[in-house]
file model-v3.txt (compact mmCIF, C-alpha atoms and all ligand atoms)
# COMPACT_ATOMS: atom_id res chain seq x y z
CA MET A 9 24.09 26.96 -19.73
CA VAL A 10 21.66 25.20 -17.38
CA LYS A 11 22.74 23.90 -13.99
CA LEU A 12 22.48 20.15 -13.34
CA GLN A 13 21.91 18.69 -9.87
CA ARG A 14 22.24 14.90 -9.91
CA PHE A 15 21.46 12.42 -7.17
CA ALA A 16 22.04 8.70 -6.76
CA GLU A 17 19.72 8.58 -3.83
CA SER A 18 16.06 9.61 -3.89
CA ASN A 19 15.94 10.98 -0.32
CA ALA A 20 18.93 13.21 -1.04
CA LEU A 21 17.27 14.56 -4.19
CA VAL A 22 14.04 15.33 -2.37
CA HIS A 23 15.87 17.04 0.50
CA GLU A 24 18.06 19.16 -1.79
CA PHE A 25 15.04 20.06 -3.92
CA GLY A 26 13.32 21.30 -0.75
CA LYS A 27 16.43 23.30 0.21
CA TYR A 28 16.60 24.84 -3.26
CA ILE A 29 12.97 26.02 -2.96
CA LEU A 30 13.64 27.36 0.54
CA GLU A 31 16.62 29.34 -0.75
CA LYS A 32 14.41 30.94 -3.45
CA GLN A 33 11.75 31.71 -0.83
CA ASP A 34 14.36 33.40 1.35
CA SER A 35 15.63 35.62 -1.46
CA ALA A 36 12.07 36.62 -2.41
CA LEU A 37 11.14 37.49 1.17
CA ALA A 38 14.49 38.93 2.29
CA GLY A 39 14.15 41.76 4.79
CA ASN A 40 10.48 42.50 4.06
CA SER A 41 7.76 41.02 6.24
CA HIS A 42 5.08 42.06 3.72
CA ALA A 43 6.75 40.43 0.72
CA VAL A 44 5.25 37.38 -0.95
CA PHE A 45 6.82 34.38 -2.64
CA ASN A 46 5.20 33.77 -6.04
CA ILE A 47 5.65 30.19 -7.12
CA ALA A 48 4.13 28.15 -9.96
CA ILE A 49 4.03 24.39 -9.62
CA SER A 50 3.44 21.51 -12.03
CA GLY A 51 1.30 18.43 -11.63
CA GLY A 52 2.15 14.75 -11.89
CA SER A 53 4.91 13.39 -9.67
CA MET A 54 5.84 16.88 -8.40
CA ASN A 55 3.27 16.86 -5.58
CA LYS A 56 4.80 13.90 -3.78
CA VAL A 57 8.25 15.51 -3.89
CA LEU A 58 6.84 18.81 -2.62
CA TYR A 59 5.26 16.99 0.28
CA GLU A 60 8.41 15.04 1.12
CA GLY A 61 10.82 17.94 0.63
CA LEU A 62 8.82 20.73 2.28
CA VAL A 63 6.17 19.34 4.63
CA ASN A 64 7.69 16.07 5.76
CA ASP A 65 11.31 17.29 5.96
CA LYS A 66 12.23 18.29 9.48
CA ASP A 67 15.07 20.58 8.33
CA THR A 68 13.16 22.62 5.78
CA PHE A 69 9.63 22.60 7.26
CA PRO A 70 10.27 25.03 10.16
CA HIS A 71 11.75 27.61 7.77
CA ILE A 72 8.94 27.69 5.21
CA LYS A 73 6.84 30.84 5.59
CA TRP A 74 3.67 29.34 4.15
CA PRO A 75 1.35 32.33 4.71
CA GLN A 76 3.63 34.40 2.48
CA TRP A 77 3.47 31.90 -0.37
CA ARG A 78 1.26 32.57 -3.40
CA ILE A 79 0.92 29.29 -5.28
CA PHE A 80 -0.20 29.03 -8.91
CA PHE A 81 -0.40 26.10 -11.31
CA CYS A 82 1.80 25.95 -14.42
CA ASP A 83 -1.00 24.05 -16.04
CA GLU A 84 -4.38 22.76 -15.03
CA ARG A 85 -6.67 20.13 -16.42
CA LEU A 86 -10.24 21.33 -17.08
CA VAL A 87 -11.96 18.90 -14.76
CA PRO A 88 -13.68 19.43 -11.40
CA PHE A 89 -11.31 19.64 -8.42
CA GLU A 90 -12.50 16.30 -7.03
CA ASP A 91 -11.48 14.52 -10.27
CA PRO A 92 -8.19 12.62 -9.71
CA LEU A 93 -6.82 14.38 -12.82
CA SER A 94 -7.16 17.86 -11.28
CA ASN A 95 -3.73 19.32 -10.47
CA TYR A 96 -5.22 21.46 -7.71
CA GLY A 97 -7.14 18.46 -6.36
CA GLN A 98 -3.97 16.38 -6.20
CA PHE A 99 -1.97 19.23 -4.67
CA LYS A 100 -4.65 19.75 -2.02
CA LYS A 101 -4.74 16.08 -1.15
CA THR A 102 -0.99 15.46 -1.20
CA VAL A 103 0.45 18.72 0.16
CA LEU A 104 -2.10 21.22 1.41
CA ASP A 105 -4.30 19.06 3.66
CA PRO A 106 -1.37 17.32 5.40
CA LEU A 107 0.33 20.71 5.82
CA VAL A 108 -2.65 22.46 7.35
CA HIS A 109 -3.32 19.56 9.75
CA LYS A 110 0.32 18.81 10.61
CA GLY A 111 1.09 18.53 14.33
CA ASP A 112 -1.53 19.13 16.96
CA GLN A 113 -2.77 22.46 15.67
CA LEU A 114 -4.14 23.88 12.44
CA ASN A 115 -1.33 25.61 10.53
CA LEU A 116 -1.78 28.66 8.36
CA GLY A 117 -1.31 27.61 4.76
CA PRO A 118 -0.36 29.42 1.55
CA THR A 119 -2.74 31.30 -0.72
CA VAL A 120 -3.50 29.00 -3.64
CA TYR A 121 -4.85 30.31 -6.95
CA THR A 122 -7.14 27.89 -8.76
CA ILE A 123 -9.01 28.08 -12.03
CA ASN A 124 -12.67 29.12 -11.92
CA GLN A 125 -14.30 25.75 -11.38
CA SER A 126 -17.79 27.06 -12.12
CA LEU A 127 -16.87 27.46 -15.81
CA ILE A 128 -15.76 23.86 -16.35
CA GLY A 129 -17.80 21.98 -18.93
CA GLY A 130 -19.02 25.18 -20.57
CA GLY A 131 -17.41 24.58 -23.98
CA GLU A 132 -15.05 26.68 -26.07
CA THR A 133 -16.08 30.13 -24.83
CA ALA A 134 -15.93 29.06 -21.19
CA ASN A 135 -12.55 27.36 -21.64
CA LYS A 136 -11.08 30.50 -23.17
CA LYS A 137 -12.54 32.50 -20.28
CA ILE A 138 -10.93 30.14 -17.73
CA ALA A 139 -7.56 30.83 -19.37
CA GLU A 140 -8.16 34.60 -19.49
CA GLU A 141 -9.31 34.78 -15.89
CA TYR A 142 -6.35 32.73 -14.70
CA ALA A 143 -3.96 34.98 -16.65
CA SER A 144 -5.40 38.00 -14.87
CA LEU A 145 -4.45 36.47 -11.50
CA LEU A 146 -0.78 35.84 -12.33
CA PRO A 147 1.89 38.01 -10.72
CA ALA A 148 4.04 40.28 -12.91
CA SER A 149 6.75 37.65 -12.63
CA PHE A 150 7.31 34.45 -10.70
CA ASP A 151 10.08 34.03 -8.14
CA LEU A 152 10.15 30.36 -9.00
CA VAL A 153 8.56 28.10 -11.61
CA LEU A 154 8.74 24.35 -10.92
CA LEU A 155 8.47 22.25 -14.06
CA GLY A 156 8.22 18.59 -14.94
CA CYS A 157 9.29 17.09 -18.25
CA GLY A 158 7.13 14.45 -19.94
CA ASP A 159 8.60 11.45 -21.76
CA ASP A 160 7.89 13.33 -25.02
CA GLY A 161 9.68 16.51 -23.88
CA HIS A 162 6.56 18.48 -22.97
CA THR A 163 6.53 20.84 -20.04
CA CYS A 164 3.48 22.54 -18.49
CA SER A 165 0.88 21.64 -21.16
CA LEU A 166 3.19 22.81 -23.94
CA PHE A 167 3.50 19.75 -26.16
CA PRO A 168 5.91 19.05 -29.02
CA GLY A 169 4.61 18.61 -32.59
CA GLU A 170 3.07 20.73 -35.28
CA GLU A 171 -0.50 20.44 -34.04
CA PHE A 172 0.60 22.06 -30.78
CA ASN A 173 2.55 24.96 -32.31
CA TYR A 174 -0.27 27.31 -31.28
CA LEU A 175 0.85 26.70 -27.67
CA VAL A 176 4.61 27.26 -27.93
CA GLU A 177 4.21 30.08 -30.43
CA GLU A 178 1.96 32.13 -28.14
CA MET A 179 3.98 35.21 -27.25
CA THR A 180 1.28 37.62 -26.03
CA ARG A 181 -1.15 35.81 -23.76
CA LYS A 182 0.09 34.51 -20.41
CA VAL A 183 -2.26 31.56 -20.22
CA VAL A 184 -3.88 29.67 -23.07
CA TRP A 185 -6.46 26.96 -23.50
CA CYS A 186 -4.95 23.71 -24.78
CA TYR A 187 -7.81 21.92 -26.58
CA ASN A 188 -6.03 18.83 -27.91
CA SER A 189 -3.71 17.54 -25.20
CA PRO A 190 -2.31 14.12 -26.18
CA LYS A 191 -2.23 13.30 -22.46
CA PRO A 192 -5.73 13.13 -20.88
CA PRO A 193 -7.76 15.15 -20.38
CA SER A 194 -7.65 16.89 -23.75
CA ASN A 195 -8.83 20.23 -22.33
CA ARG A 196 -6.35 22.10 -20.20
CA ILE A 197 -4.93 25.53 -19.61
CA THR A 198 -1.22 26.24 -19.54
CA ILE A 199 1.09 29.15 -18.85
CA THR A 200 3.04 30.16 -21.94
CA LEU A 201 6.74 30.44 -22.71
CA PRO A 202 6.91 34.24 -22.06
CA VAL A 203 5.69 33.66 -18.49
CA ILE A 204 8.42 31.08 -17.93
CA ALA A 205 10.98 33.39 -19.57
CA ASP A 206 10.08 36.18 -17.11
CA ALA A 207 10.57 33.99 -14.04
CA LYS A 208 13.50 34.72 -11.76
CA ASN A 209 14.23 31.02 -11.37
CA VAL A 210 13.05 27.90 -13.16
CA CYS A 211 13.61 24.39 -11.92
CA PHE A 212 12.86 21.08 -13.65
CA LEU A 213 12.44 17.82 -11.80
CA ALA A 214 12.88 14.51 -13.64
CA ARG A 215 13.04 11.14 -11.93
CA GLY A 216 12.94 7.52 -13.01
CA SER A 217 14.22 5.42 -15.90
CA SER A 218 11.24 6.30 -18.14
CA LYS A 219 12.88 9.73 -18.48
CA LYS A 220 16.34 8.60 -19.53
CA ASP A 221 15.87 8.84 -23.33
CA ILE A 222 14.13 12.18 -23.22
CA MET A 223 16.78 13.58 -20.84
CA HIS A 224 19.37 12.64 -23.44
CA ASP A 225 17.37 14.40 -26.17
CA VAL A 226 16.87 17.47 -23.99
CA LEU A 227 20.28 17.88 -22.37
CA ILE A 228 22.71 16.32 -24.87
CA ILE A 229 21.06 16.46 -28.31
CA LYS A 230 19.21 19.68 -27.37
CA ASN A 231 16.45 19.04 -29.88
CA SER A 232 14.85 22.45 -30.16
CA GLU A 233 11.52 21.02 -31.24
CA LEU A 234 10.99 20.03 -27.62
CA PRO A 235 9.30 22.61 -25.37
CA SER A 236 11.63 21.72 -22.46
CA VAL A 237 14.62 22.54 -24.66
CA LEU A 238 13.02 25.87 -25.60
CA VAL A 239 12.98 26.77 -21.90
CA ASN A 240 16.66 25.88 -21.56
CA GLU A 241 17.49 27.93 -24.66
CA MET A 242 15.48 30.98 -23.56
CA ILE A 243 16.82 31.42 -20.04
CA GLY A 244 19.50 28.76 -19.49
CA THR A 245 21.38 30.62 -16.74
CA ARG A 246 18.26 30.74 -14.59
CA VAL A 247 17.39 27.07 -15.09
CA THR A 248 18.32 24.19 -12.76
CA TRP A 249 17.57 20.53 -13.48
CA PHE A 250 17.20 18.06 -10.61
CA LEU A 251 17.76 14.52 -11.92
CA ASP A 252 18.06 11.17 -10.27
CA ASP A 253 20.56 8.65 -11.62
CA ALA A 254 17.85 6.68 -13.43
CA ALA A 255 16.66 9.73 -15.38
CA GLY A 256 20.24 10.85 -16.01
CA ALA A 257 21.56 7.40 -17.01
CA LEU A 258 22.54 8.57 -20.53
CA ILE A 259 24.03 11.88 -19.43
CA PRO A 260 27.84 11.77 -18.94
CA GLN A 261 28.87 12.51 -15.36
CA ASP A 262 31.08 15.45 -16.37
CA CYS A 263 28.18 17.17 -18.15
O1 LIG B 301 -0.32 18.65 -15.57
C1 LIG B 301 0.59 18.12 -16.16
O2 LIG B 301 0.39 17.25 -17.03
C2 LIG B 301 1.96 18.48 -15.76
O3 LIG B 301 2.13 19.73 -15.24
C3 LIG B 301 3.02 18.06 -16.74
O4 LIG B 301 3.64 19.05 -17.45
C4 LIG B 301 4.03 17.26 -15.94
O5 LIG B 301 4.85 18.10 -15.20
C5 LIG B 301 4.84 16.36 -16.83
O6 LIG B 301 3.94 15.54 -17.53
C6 LIG B 301 5.77 15.49 -16.05
O7 LIG B 301 5.03 14.73 -15.14
P1 LIG B 301 5.72 13.61 -14.26
O8 LIG B 301 6.71 14.31 -13.39
O9 LIG B 301 4.58 13.02 -13.47
O10 LIG B 301 6.33 12.64 -15.20

call {"tool": "encode", "arguments": {"input": "model-v3.txt", "output": "structure tokens"}}
result
Amino acid sequence: MVKLQRFAESNALVHEFGKYILEKQDSALAGNSHAVFNIAISGGSMNKVLYEGLVNDKDTFPHIKWPQWRIFFCDERLVPFEDPLSNYGQFKKTVLDPLVHKGDQLNLGPTVYTINQSLIGGGETANKKIAEEYASLLPASFDLVLLGCGDDGHTCSLFPGEEFNYLVEEMTRKVVWCYNSPKPPSNRITITLPVIADAKNVCFLARGSSKKDIMHDVLIIKNSELPSVLVNEMIGTRVTWFLDDAAGALIPQDC
């Protein structure tokens, strides 16, 4: 059974989301100054919430041990980092740069693992190599995986529908090339379900009324053709959903 965290107020959601991440950092680093916190993050609206909940939040910010963070991307679009579609590019702009330059000194930031940009545009062989190389960088397991959920029920770049079965059915490789994403750009890489299943904690973030129908399908109907539902089914007790009232409008309060 997944855990639901629901919020009427956006600031409260962002603050509690930051606190949740901090709690997972603290358990990963507990009592060991050499330990690292391995976290995988998603793209889209997640970056803004990470900035607000971790960098711009005066309660959480002082407790985040950034130099001990190892940040990976749940999925990445195969475009140069300066392209507005790049997940790393957006993360750098929205979270990393403001973090490093916050206050009157340069702060030490996290270690961030990107795809090999030099291979972008190299066709099928290069795209497969990007996925393979990225897989070789991943930790044995993540302390925390932060996921979004698309209006169609996708998570990472694991999309629902027969033509994308090769993505959700991958049980051996940790990262695969997605060559036909219905959401631009069509070429991406994504972590696979076994990587998510191995994570110590998984947290979804869904905000806004455009998510209300899919939240109903995922959390009430539990349509197992949806990749987000597959995550809930695989490791429900380790999964927390953060929802605002707009996204959770069709979910009964006692759920
Ligand atoms: O790179 C991507 O496309 C994302 O990682 C993707 O899986 C995202 O998390 C969902 O599409 C939800 O995005 P929003 O939160 O912006 O709706």

call {"tool": "residues_around", "arguments": {"input": "model-v3.txt", "residues": "stretch 192-209 of chain A", "least_positions_apart": "4", "cutoff": "8 Å", "atoms": "all atoms listed in the file", "output": "number ranges by chain"}}
result
A: 32, 82-87, 93, 138-139, 149-153, 164-166, 175-176, 178-188, 239, 242-243, 246-247

call {"tool": "closest_atom_pairs", "arguments": {"input": "model-v3.txt", "of": "chain A", "to": "ligand LIG 301 (chain B)", "cutoff": "7 Å", "atoms": "only C-alpha atoms and all ligand atoms", "output": "Markdown table"}}
result
| residue | atom | partner | partner_atom | distance |
| --- | --- | --- | --- | --- |
| A:Ser50 | CA | B:LIG301 | O3 | 3.9 |
| A:Gly51 | CA | B:LIG301 | O3 | 3.9 |
| A:Gly52 | CA | B:LIG301 | O9 | 3.4 |
| A:Ser53 | CA | B:LIG301 | O9 | 3.8 |
| A:Met54 | CA | B:LIG301 | O8 | 5.7 |
| A:Cys82 | CA | B:LIG301 | O3 | 6.3 |
| A:Asp83 | CA | B:LIG301 | O3 | 5.4 |
| A:Glu84 | CA | B:LIG301 | O1 | 5.8 |
| A:Arg85 | CA | B:LIG301 | O1 | 6.6 |
| A:Asn95 | CA | B:LIG301 | O1 | 6.2 |
| A:Leu155 | CA | B:LIG301 | O5 | 5.6 |
| A:Gly156 | CA | B:LIG301 | O5 | 3.4 |
| A:Cys157 | CA | B:LIG301 | C6 | 4.4 |
| A:Gly158 | CA | B:LIG301 | O6 | 4.1 |
| A:His162 | CA | B:LIG301 | O4 | 6.3 |
| A:Thr163 | CA | B:LIG301 | O4 | 4.3 |
| A:Cys164 | CA | B:LIG301 | O4 | 3.6 |
| A:Ser165 | CA | B:LIG301 | O4 | 5.3 |
| A:Leu213 | CA | B:LIG301 | O8 | 6.9 |
| A:Ala214 | CA | B:LIG301 | O8 | 6.2 |

call {"tool": "closest_atom_pairs", "arguments": {"input": "model-v3.txt", "of": "stretch 67-87 of chain A", "to": "stretch 36-44 of chain A", "cutoff": "8 Å", "atoms": "only C-alpha atoms", "output": "Markdown table"}}
result
| residue | atom | partner | partner_atom | distance |
| --- | --- | --- | --- | --- |
| A:Gln76 | CA | A:Val44 | CA | 4.8 |
| A:Trp77 | CA | A:Val44 | CA | 5.8 |
| A:Arg78 | CA | A:Val44 | CA | 6.7 |

call {"tool": "write_last_selection", "arguments": {"input": "model-v3.txt", "atoms": "C-alpha atoms", "output": "JSON list (two decimals), in the coordinates of the input"}}
result
[["chain", "number", "residue", "atom", "x", "y", "z"],
["A", 76, "GLN", "CA", 3.63, 34.40, 2.48],
["A", 77, "TRP", "CA", 3.47, 31.90, -0.37],
["A", 78, "ARG", "CA", 1.26, 32.57, -3.40]]

call {"tool": "atom_distance", "arguments": {"input": "model-v3.txt", "atom1": "atom CA of A:Asn231", "atom2": "atom CA of A:Phe212"}}
result
16.7 Å

call {"tool": "atom_distance", "arguments": {"input": "model-v3.txt", "atom1": "atom CA of A:Ala254", "atom2": "atom CA of A:Thr102"}}
result
24.1 Å

call {"tool": "closest_residue", "arguments": {"input": "model-v3.txt", "among": "A:Lys110, A:Glu60, A:Tyr96, A:Asn46", "to": "A:Ala20", "atoms": "only C-alpha atoms"}}
result
A:Glu60

call {"tool": "residues_around", "arguments": {"input": "model-v3.txt", "residues": "A:Gln261", "least_positions_apart": "2", "cutoff": "12 Å", "atoms": "all atoms listed in the file", "output": "NGL selection string"}}
result
:A and (12-16 or 228 or 251 or 253 or 256-259 or 263)

call {"tool": "atom_distance", "arguments": {"input": "model-v3.txt", "atom1": "atom CA of A:Gln33", "atom2": "atom CA of A:Leu234"}}
result
29.2 Å

call {"tool": "closest_residue", "arguments": {"input": "model-v3.txt", "among": "A:Leu107, A:Leu238, A:Cys211, A:Leu127", "to": "A:Pro88", "atoms": "all atoms listed in the file"}}
result
A:Leu127

call {"tool": "closest_residue", "arguments": {"input": "model-v3.txt", "among": "A:Gly216, A:Asn124, A:Pro235, A:Ile222", "to": "A:Glu177", "atoms": "only C-alpha atoms"}}
result
A:Pro235

call {"tool": "residues_around", "arguments": {"input": "model-v3.txt", "residues": "A:Lys230", "least_positions_apart": "3", "cutoff": "12 Å", "atoms": "all atoms listed in the file", "output": "PyMOL selection string"}}
result
chain A and resi 9-10+161+222-227+233-241

call {"tool": "closest_residue", "arguments": {"input": "model-v3.txt", "among": "A:Gln125, A:Gly117, A:Pro70, A:Pro106", "to": "A:Glu90", "atoms": "all atoms listed in the file"}}
result
A:Gln125

call {"tool": "residues_around", "arguments": {"input": "model-v3.txt", "residues": "A:Val22", "least_positions_apart": "6", "cutoff": "10 Å", "atoms": "all atoms listed in the file", "output": "NGL selection string"}}
result
:A and (15 or 28 or 56-62 or 65 or 213 or 250 or 252)

call {"tool": "write_last_selection", "arguments": {"input": "model-v3.txt", "atoms": "C-alpha atoms", "output": "compact mmCIF listing (two decimals), keeping the file's coordinate frame"}}
result
# COMPACT_ATOMS: atom_id res chain seq x y z
CA PHE A 15 21.46 12.42 -7.17
CA TYR A 28 16.60 24.84 -3.26
CA LYS A 56 4.80 13.90 -3.78
CA VAL A 57 8.25 15.51 -3.89
CA LEU A 58 6.84 18.81 -2.62
CA TYR A 59 5.26 16.99 0.28
CA GLU A 60 8.41 15.04 1.12
CA GLY A 61 10.82 17.94 0.63
CA LEU A 62 8.82 20.73 2.28
CA ASP A 65 11.31 17.29 5.96
CA LEU A 213 12.44 17.82 -11.80
CA PHE A 250 17.20 18.06 -10.61
CA ASP A 252 18.06 11.17 -10.27

call {"tool": "closest_residue", "arguments": {"input": "model-v3.txt", "among": "A:Gly111, A:Ser18, A:Phe25, A:Pro147", "to": "A:Ala255", "atoms": "only C-alpha atoms"}}
result
A:Ser18

call {"tool": "closest_residue", "arguments": {"input": "model-v3.txt", "among": "A:Lys191, A:Leu114, A:His109, A:Trp249", "to": "A:Arg215", "atoms": "only C-alpha atoms"}}
result
A:Trp249

call {"tool": "residues_around", "arguments": {"input": "model-v3.txt", "residues": "A:Pro75", "least_positions_apart": "4", "cutoff": "8 Å", "atoms": "only C-alpha atoms", "output": "MDAnalysis selection string"}}
result
chainID A and resid 116:119
